[in-house]
$ cat entry_12.cif   # mmCIF, C-alpha atoms
data_query
#
loop_
_atom_site.label_atom_id
_atom_site.label_comp_id
_atom_site.auth_asym_id
_atom_site.auth_seq_id
_atom_site.Cartn_x
_atom_site.Cartn_y
_atom_site.Cartn_z
CA MET A 1 283.46 208.76 -64.46
CA GLN A 2 281.21 206.99 -61.93
CA GLU A 3 278.49 206.79 -64.58
CA ILE A 4 280.87 205.09 -67.04
CA ILE A 5 282.02 202.63 -64.35
CA GLN A 6 278.40 201.82 -63.46
CA GLU A 7 277.49 201.23 -67.12
CA ASP A 8 280.60 199.06 -67.47
CA LYS A 9 279.41 196.96 -64.50
CA GLU A 10 275.93 196.61 -65.98
CA LEU A 11 277.32 195.54 -69.37
CA PHE A 12 279.64 193.11 -67.57
CA LEU A 13 276.73 191.52 -65.67
CA TYR A 14 274.76 191.13 -68.90
CA LEU A 15 277.69 189.55 -70.80
CA ASN A 16 278.82 187.44 -67.84
CA ASN A 17 275.37 185.93 -67.39
CA LEU A 18 274.89 184.88 -71.03
CA GLY A 19 276.09 181.35 -70.32
CA ASN A 20 275.52 178.68 -67.72
CA GLN A 21 277.63 176.13 -65.86
CA SER A 22 277.65 173.71 -68.79
CA PHE A 23 279.81 176.23 -70.72
CA ASP A 24 282.30 176.91 -67.91
CA GLN A 25 284.91 174.35 -68.99
CA PHE A 26 284.74 175.55 -72.59
CA TRP A 27 285.47 179.17 -71.60
CA ILE A 28 288.22 178.11 -69.19
CA MET A 29 289.81 176.20 -72.08
CA VAL A 30 289.45 179.18 -74.48
CA SER A 31 291.12 181.41 -71.91
CA ALA A 32 294.05 179.04 -71.36
CA THR A 33 297.30 179.65 -73.23
CA TRP A 34 298.25 176.01 -73.86
CA ILE A 35 295.17 175.27 -75.98
CA TRP A 36 296.39 177.73 -78.62
CA VAL A 37 299.87 176.20 -79.05
CA PRO A 38 298.85 174.44 -82.32
CA LEU A 39 297.64 177.79 -83.65
CA TYR A 40 300.97 179.39 -82.77
CA VAL A 41 302.77 176.58 -84.60
CA ILE A 42 300.63 177.34 -87.68
CA PHE A 43 301.57 181.02 -87.34
CA LEU A 44 305.25 180.07 -87.25
CA TYR A 45 304.85 177.93 -90.34
CA LEU A 46 303.07 180.72 -92.27
CA LEU A 47 305.73 183.25 -91.28
CA TYR A 48 308.52 180.85 -92.21
CA LYS A 49 306.90 180.14 -95.57
CA LYS A 50 306.54 183.83 -96.41
CA PHE A 51 309.73 185.28 -94.91
CA GLY A 52 312.25 182.43 -94.58
CA THR A 53 314.37 181.36 -91.62
CA ARG A 54 316.56 184.45 -91.14
CA ASN A 55 313.67 186.90 -91.28
CA LEU A 56 311.60 184.62 -89.05
CA VAL A 57 314.25 185.01 -86.35
CA PHE A 58 313.86 188.81 -86.44
CA ILE A 59 310.08 188.52 -86.42
CA LEU A 60 310.21 186.20 -83.40
CA ILE A 61 312.43 188.70 -81.59
CA PHE A 62 309.90 191.45 -82.28
CA ILE A 63 307.04 189.19 -81.17
CA ALA A 64 308.86 188.39 -77.92
CA LEU A 65 309.56 192.10 -77.33
CA GLY A 66 305.98 193.03 -78.18
CA VAL A 67 304.40 190.45 -75.87
CA THR A 68 306.79 191.51 -73.09
CA VAL A 69 305.91 195.19 -73.55
CA SER A 70 302.21 194.29 -73.71
CA ASP A 71 302.39 192.27 -70.47
CA GLN A 72 304.51 194.81 -68.60
CA LEU A 73 302.31 197.74 -69.60
CA ALA A 74 299.22 195.82 -68.46
CA GLY A 75 300.91 195.15 -65.12
CA ILE A 76 301.82 198.82 -64.70
CA PHE A 77 298.25 199.87 -65.48
CA LYS A 78 296.76 197.23 -63.15
CA THR A 79 298.87 198.42 -60.25
CA GLY A 80 298.59 202.13 -61.08
CA ILE A 81 294.82 202.23 -61.70
CA SER A 82 294.03 199.60 -59.04
CA ARG A 83 290.54 198.78 -60.34
CA LEU A 84 289.30 195.60 -58.74
CA ARG A 85 288.48 192.63 -60.92
CA PRO A 86 284.76 191.84 -61.04
CA CYS A 87 285.31 188.69 -58.96
CA HIS A 88 286.91 190.86 -56.22
CA ASP A 89 284.45 193.80 -56.45
CA PRO A 90 282.30 193.85 -53.28
CA SER A 91 279.49 195.66 -55.14
CA LEU A 92 279.05 192.54 -57.30
CA ASP A 93 278.97 189.98 -54.46
CA GLY A 94 276.31 187.39 -55.18
CA LEU A 95 275.55 188.83 -58.65
CA LEU A 96 277.88 186.72 -60.73
CA PRO A 97 278.72 183.06 -60.84
CA GLU A 98 282.41 182.86 -60.04
CA VAL A 99 284.11 180.49 -62.41
CA LYS A 100 287.73 181.56 -62.05
CA CYS A 101 289.42 184.55 -60.49
CA GLY A 102 292.84 186.10 -60.97
CA GLY A 103 294.86 188.71 -59.14
CA GLN A 104 293.21 191.59 -57.32
CA PHE A 105 293.34 194.22 -60.08
CA GLY A 106 292.18 193.91 -63.68
CA PHE A 107 292.50 197.14 -65.67
CA TYR A 108 293.52 196.39 -68.38
CA SER A 109 293.38 192.81 -69.67
CA SER A 110 296.73 191.37 -70.70
CA HIS A 111 294.91 188.46 -72.40
CA ALA A 112 293.08 190.94 -74.63
CA SER A 113 296.25 192.95 -75.20
CA ASN A 114 298.34 189.92 -76.12
CA THR A 115 295.77 188.28 -78.41
CA PHE A 116 295.00 191.54 -80.22
CA PHE A 117 298.75 192.18 -80.47
CA ILE A 118 299.25 188.82 -82.19
CA ALA A 119 296.13 189.26 -84.37
CA THR A 120 297.27 192.69 -85.55
CA LEU A 121 300.91 191.74 -86.10
CA MET A 122 300.05 188.55 -87.99
CA SER A 123 297.39 190.35 -90.06
CA ILE A 124 299.85 193.02 -91.15
CA LEU A 125 302.61 190.54 -91.92
CA LEU A 126 300.46 188.00 -93.75
CA LYS A 127 297.50 189.90 -95.24
CA LYS A 128 298.95 189.95 -98.77
CA THR A 129 299.34 186.17 -98.97
CA HIS A 130 296.39 185.19 -96.74
CA ARG A 131 293.58 187.62 -97.46
CA TYR A 132 291.00 186.14 -95.06
CA LEU A 133 293.37 185.46 -92.18
CA PRO A 134 292.74 188.81 -90.42
CA TYR A 135 289.02 187.96 -90.06
CA PHE A 136 289.88 184.70 -88.33
CA LEU A 137 292.57 186.31 -86.17
CA PHE A 138 290.35 189.12 -84.87
CA PHE A 139 287.51 186.65 -84.24
CA TRP A 140 289.98 184.53 -82.24
CA ALA A 141 291.18 187.57 -80.25
CA ALA A 142 287.58 188.61 -79.52
CA LEU A 143 286.69 185.06 -78.43
CA VAL A 144 289.63 184.87 -76.01
CA SER A 145 288.80 188.37 -74.73
CA TYR A 146 285.15 187.49 -74.13
CA SER A 147 286.24 184.42 -72.18
CA ARG A 148 287.76 186.79 -69.63
CA ILE A 149 284.40 188.50 -69.11
CA TYR A 150 282.59 185.15 -68.92
CA LEU A 151 285.05 183.92 -66.27
CA GLY A 152 284.43 187.04 -64.18
CA VAL A 153 288.00 188.35 -64.26
CA HIS A 154 287.57 191.46 -66.44
CA PHE A 155 285.06 194.21 -67.08
CA PRO A 156 284.29 195.16 -70.71
CA MET A 157 286.38 198.36 -70.37
CA ASP A 158 289.36 196.23 -69.27
CA ILE A 159 288.93 194.21 -72.46
CA PHE A 160 288.41 197.25 -74.68
CA MET A 161 291.54 199.00 -73.37
CA GLY A 162 293.57 195.77 -73.62
CA ALA A 163 292.39 195.22 -77.20
CA LEU A 164 293.26 198.82 -78.10
CA MET A 165 296.74 198.57 -76.59
CA GLY A 166 297.33 195.23 -78.31
CA PHE A 167 296.16 196.66 -81.63
CA PHE A 168 298.57 199.61 -81.42
CA LEU A 169 301.49 197.52 -80.17
CA GLY A 170 300.87 194.90 -82.87
CA GLY A 171 300.90 197.60 -85.54
CA PHE A 172 304.06 199.14 -84.12
CA PHE A 173 306.02 195.87 -83.89
CA ALA A 174 304.76 194.63 -87.28
CA THR A 175 305.99 197.88 -88.84
CA LEU A 176 309.38 197.47 -87.14
CA SER A 177 309.57 193.86 -88.37
CA LEU A 178 308.83 194.86 -91.96
CA LYS A 179 311.36 197.71 -91.85
CA VAL A 180 314.10 195.35 -90.67
CA ILE A 181 313.15 192.73 -93.27
CA TYR A 182 313.06 195.23 -96.15
CA LYS A 183 316.29 196.87 -95.01
CA ARG A 184 318.00 193.45 -94.92
CA GLN A 185 316.62 192.60 -98.38
CA LYS A 186 317.94 195.89 -99.79
CA ALA A 187 321.36 195.32 -98.24
CA ASN A 188 321.51 191.82 -99.73
CA SER A 189 320.54 192.91 -103.26
#
$ encode --input "entry_12.cif" --output "structure tokens"
Amino acid sequence: MQEIIQEDKELFLYLNNLGNQSFDQFWIMVSATWIWVPLYVIFLYLLYKKFGTRNLVFILIFIALGVTVSDQLAGIFKTGISRLRPCHDPSLDGLLPEVKCGGQFGFYSSHASNTFFIATLMSILLKKTHRYLPYFLFFWAALVSYSRIYLGVHFPMDIFMGALMGFFLGGFFATLSLKVIYKRQKANS
């Protein structure tokens, strides 16, 4: 396990040092939630267009539940595993430019989990009508996830585990959404 942790630190240092100070504000912006509000509005519009108002309400409930589960699970893991964030890891003192730092523990990334949750859920719900959307969504999720490494708040394994959890939760809640929608459509026909 120590070997894996050491390799994770080395990969982190490589990825974290790819940029320079002139990119800091860009990555802070990418990592922020508010910057993506227009994208979320587009998602709402696409879901409304495909599923209508009543089904959109159910989908939004499942999205809210999914993001809550994603966040809470990340919090449980962070406290339970207690792996220090790179910016708090004494073995990395002086090795990384600190741009922004979060709470003490970082395994696993809730940013990665939430963005991959949304990317997976939206891909499953909209892939038939928007064939290329999943490519954009997973690129977006990867971009947001990398911003967390660049900012020094997560190791690559934190991101990988967060992405994996988000992927599975997104698939689970998208499946639940579709089951409810199809059940409602059957009942109404």
$ resolve_selection --input "entry_12.cif" --expression "the PyMOL selection byres ((chain A and resi 170) around 7)" --output "count of residues only"
12
$ closest_residue --input "entry_12.cif" --among "A:Tyr182, A:Tyr40, A:Phe160, A:Tyr150" --to "Pro97 (chain A)" --atoms "only C-alpha atoms"
A:Tyr150
$ closest_residue --input "entry_12.cif" --among "A:Lys179, A:Arg83, A:Arg131, A:Arg54" --to "Ile5 (chain A)" --atoms "all atoms listed in the file"
A:Arg83
$ closest_residue --input "entry_12.cif" --among "A:Ala163, A:Ala119, A:Cys101, A:Val153" --to "Leu39 (chain A)" --atoms "all atoms listed in the file"
A:Ala119
$ residues_around --input "entry_12.cif" --residues "region 77-79 of chain A" --least-positions-apart "6" --cutoff "8 Å" --atoms "only C-alpha atoms" --output "CSV table (one decimal) with C-alpha atoms, in the frame of the given file"
chain,number,residue,atom,x,y,z
A,105,PHE,CA,293.3,194.2,-60.1
A,106,GLY,CA,292.2,193.9,-63.7
A,107,PHE,CA,292.5,197.1,-65.7
A,108,TYR,CA,293.5,196.4,-68.4
$ closest_residue --input "entry_12.cif" --among "A:Ser91, A:Ile149, A:Asn114, A:Gly103" --to "Thr68 (chain A)" --atoms "only C-alpha atoms"
A:Asn114
$ closest_residue --input "entry_12.cif" --among "A:Leu56, A:Leu15, A:Met165, A:Leu178" --to "Asp71 (chain A)" --atoms "only C-alpha atoms"
A:Met165
$ atom_distance --input "entry_12.cif" --atom1 "CA of Ser109 (chain A)" --atom2 "CA of Gly162 (chain A)"
4.9 Å
$ residues_around --input "entry_12.cif" --residues "region 7-10 of chain A" --least-positions-apart "2" --cutoff "8 Å" --atoms "all atoms listed in the file" --output "JSON list (two decimals) with C-alpha atoms, in the frame of the given file"
[["chain", "number", "residue", "atom", "x", "y", "z"],
["A", 3, "GLU", "CA", 278.49, 206.79, -64.58],
["A", 4, "ILE", "CA", 280.87, 205.09, -67.04],
["A", 5, "ILE", "CA", 282.02, 202.63, -64.35],
["A", 12, "PHE", "CA", 279.64, 193.11, -67.57],
["A", 13, "LEU", "CA", 276.73, 191.52, -65.67],
["A", 14, "TYR", "CA", 274.76, 191.13, -68.90],
["A", 155, "PHE", "CA", 285.06, 194.21, -67.08],
["A", 156, "PRO", "CA", 284.29, 195.16, -70.71],
["A", 157, "MET", "CA", 286.38, 198.36, -70.37]]
$ closest_residue --input "entry_12.cif" --among "A:Asp24, A:Gln185, A:Leu176, A:Arg148" --to "Leu65 (chain A)" --atoms "all atoms listed in the file"
A:Leu176
$ axis_aligned_box --input "entry_12.cif" --around "region 40-44 of chain A" --padding-each-side "3 Å" --output "JSON"
{"center_x": 302.9, "center_y": 178.8, "center_z": -85.2, "size_x": 10.6, "size_y": 10.4, "size_z": 10.9}
$ atom_distance --input "entry_12.cif" --atom1 "CA of Ala74 (chain A)" --atom2 "CA of Leu137 (chain A)"
21.2 Å
$ resolve_selection --input "entry_12.cif" --expression "the PyMOL selection byres ((chain A and resi 96) around 8)" --output "PyMOL selection string"
chain A and resi 13+16-17+87+92-95+97-98+152
$ write_last_selection --input "entry_12.cif" --atoms "C-alpha atoms" --output "PDB file, keeping the file's coordinate frame"
ATOM      1  CA  LEU A  13     276.730 191.520 -65.670  1.00  0.00           C
ATOM      2  CA  ASN A  16     278.820 187.440 -67.840  1.00  0.00           C
ATOM      3  CA  ASN A  17     275.370 185.930 -67.390  1.00  0.00           C
ATOM      4  CA  CYS A  87     285.310 188.690 -58.960  1.00  0.00           C
ATOM      5  CA  LEU A  92     279.050 192.540 -57.300  1.00  0.00           C
ATOM      6  CA  ASP A  93     278.970 189.980 -54.460  1.00  0.00           C
ATOM      7  CA  GLY A  94     276.310 187.390 -55.180  1.00  0.00           C
ATOM      8  CA  LEU A  95     275.550 188.830 -58.650  1.00  0.00           C
ATOM      9  CA  PRO A  97     278.720 183.060 -60.840  1.00  0.00           C
ATOM     10  CA  GLU A  98     282.410 182.860 -60.040  1.00  0.00           C
ATOM     11  CA  GLY A 152     284.430 187.040 -64.180  1.00  0.00           C
TER      12      GLY A 152
END
$ resolve_selection --input "entry_12.cif" --expression "the PyMOL selection byres ((chain A and resi 125) around 9)" --output "PyMOL selection string"
chain A and resi 47+50+120-124+126-129+174-175+177-178
$ build_atoms --input "entry_12.cif" --residues "region 100-111 of chain A" --atoms "N, CA, C and O atoms" --output "PDB file, in the frame of the given file"
ATOM      1  N   LYS A 100     286.280 181.520 -62.242  1.00  0.00           N
ATOM      2  CA  LYS A 100     287.730 181.560 -62.050  1.00  0.00           C
ATOM      3  C   LYS A 100     288.077 182.998 -61.696  1.00  0.00           C
ATOM      4  O   LYS A 100     287.472 183.930 -62.216  1.00  0.00           O
ATOM      5  N   CYS A 101     289.052 183.181 -60.839  1.00  0.00           N
ATOM      6  CA  CYS A 101     289.420 184.550 -60.490  1.00  0.00           C
ATOM      7  C   CYS A 101     290.942 184.682 -60.510  1.00  0.00           C
ATOM      8  O   CYS A 101     291.662 183.729 -60.220  1.00  0.00           O
ATOM      9  N   GLY A 102     291.404 185.861 -60.878  1.00  0.00           N
ATOM     10  CA  GLY A 102     292.840 186.100 -60.970  1.00  0.00           C
ATOM     11  C   GLY A 102     293.308 186.989 -59.831  1.00  0.00           C
ATOM     12  O   GLY A 102     292.735 186.990 -58.750  1.00  0.00           O
ATOM     13  N   GLY A 103     294.333 187.780 -60.129  1.00  0.00           N
ATOM     14  CA  GLY A 103     294.860 188.710 -59.140  1.00  0.00           C
ATOM     15  C   GLY A 103     293.817 189.754 -58.756  1.00  0.00           C
ATOM     16  O   GLY A 103     292.720 189.785 -59.293  1.00  0.00           O
ATOM     17  N   GLN A 104     294.165 190.627 -57.866  1.00  0.00           N
ATOM     18  CA  GLN A 104     293.210 191.590 -57.320  1.00  0.00           C
ATOM     19  C   GLN A 104     292.748 192.631 -58.342  1.00  0.00           C
ATOM     20  O   GLN A 104     291.570 192.955 -58.402  1.00  0.00           O
ATOM     21  N   PHE A 105     293.675 193.136 -59.167  1.00  0.00           N
ATOM     22  CA  PHE A 105     293.340 194.220 -60.080  1.00  0.00           C
ATOM     23  C   PHE A 105     293.261 193.741 -61.523  1.00  0.00           C
ATOM     24  O   PHE A 105     293.991 192.828 -61.913  1.00  0.00           O
ATOM     25  N   GLY A 106     292.408 194.409 -62.333  1.00  0.00           N
ATOM     26  CA  GLY A 106     292.180 193.910 -63.680  1.00  0.00           C
ATOM     27  C   GLY A 106     292.241 194.904 -64.819  1.00  0.00           C
ATOM     28  O   GLY A 106     292.031 194.512 -65.957  1.00  0.00           O
ATOM     29  N   PHE A 107     292.501 196.182 -64.556  1.00  0.00           N
ATOM     30  CA  PHE A 107     292.500 197.140 -65.670  1.00  0.00           C
ATOM     31  C   PHE A 107     293.928 197.364 -66.141  1.00  0.00           C
ATOM     32  O   PHE A 107     294.749 197.880 -65.400  1.00  0.00           O
ATOM     33  N   TYR A 108     294.289 196.976 -67.301  1.00  0.00           N
ATOM     34  CA  TYR A 108     293.520 196.390 -68.380  1.00  0.00           C
ATOM     35  C   TYR A 108     293.929 194.944 -68.605  1.00  0.00           C
ATOM     36  O   TYR A 108     294.925 194.492 -68.050  1.00  0.00           O
ATOM     37  N   SER A 109     293.182 194.234 -69.454  1.00  0.00           N
ATOM     38  CA  SER A 109     293.380 192.810 -69.670  1.00  0.00           C
ATOM     39  C   SER A 109     294.620 192.512 -70.504  1.00  0.00           C
ATOM     40  O   SER A 109     294.717 192.924 -71.657  1.00  0.00           O
ATOM     41  N   SER A 110     295.550 191.768 -69.918  1.00  0.00           N
ATOM     42  CA  SER A 110     296.730 191.370 -70.700  1.00  0.00           C
ATOM     43  C   SER A 110     296.378 190.271 -71.700  1.00  0.00           C
ATOM     44  O   SER A 110     297.013 190.173 -72.748  1.00  0.00           O
ATOM     45  N   HIS A 111     295.359 189.453 -71.407  1.00  0.00           N
ATOM     46  CA  HIS A 111     294.910 188.460 -72.400  1.00  0.00           C
ATOM     47  C   HIS A 111     294.426 189.169 -73.663  1.00  0.00           C
ATOM     48  O   HIS A 111     294.797 188.792 -74.774  1.00  0.00           O
TER      49      HIS A 111
END
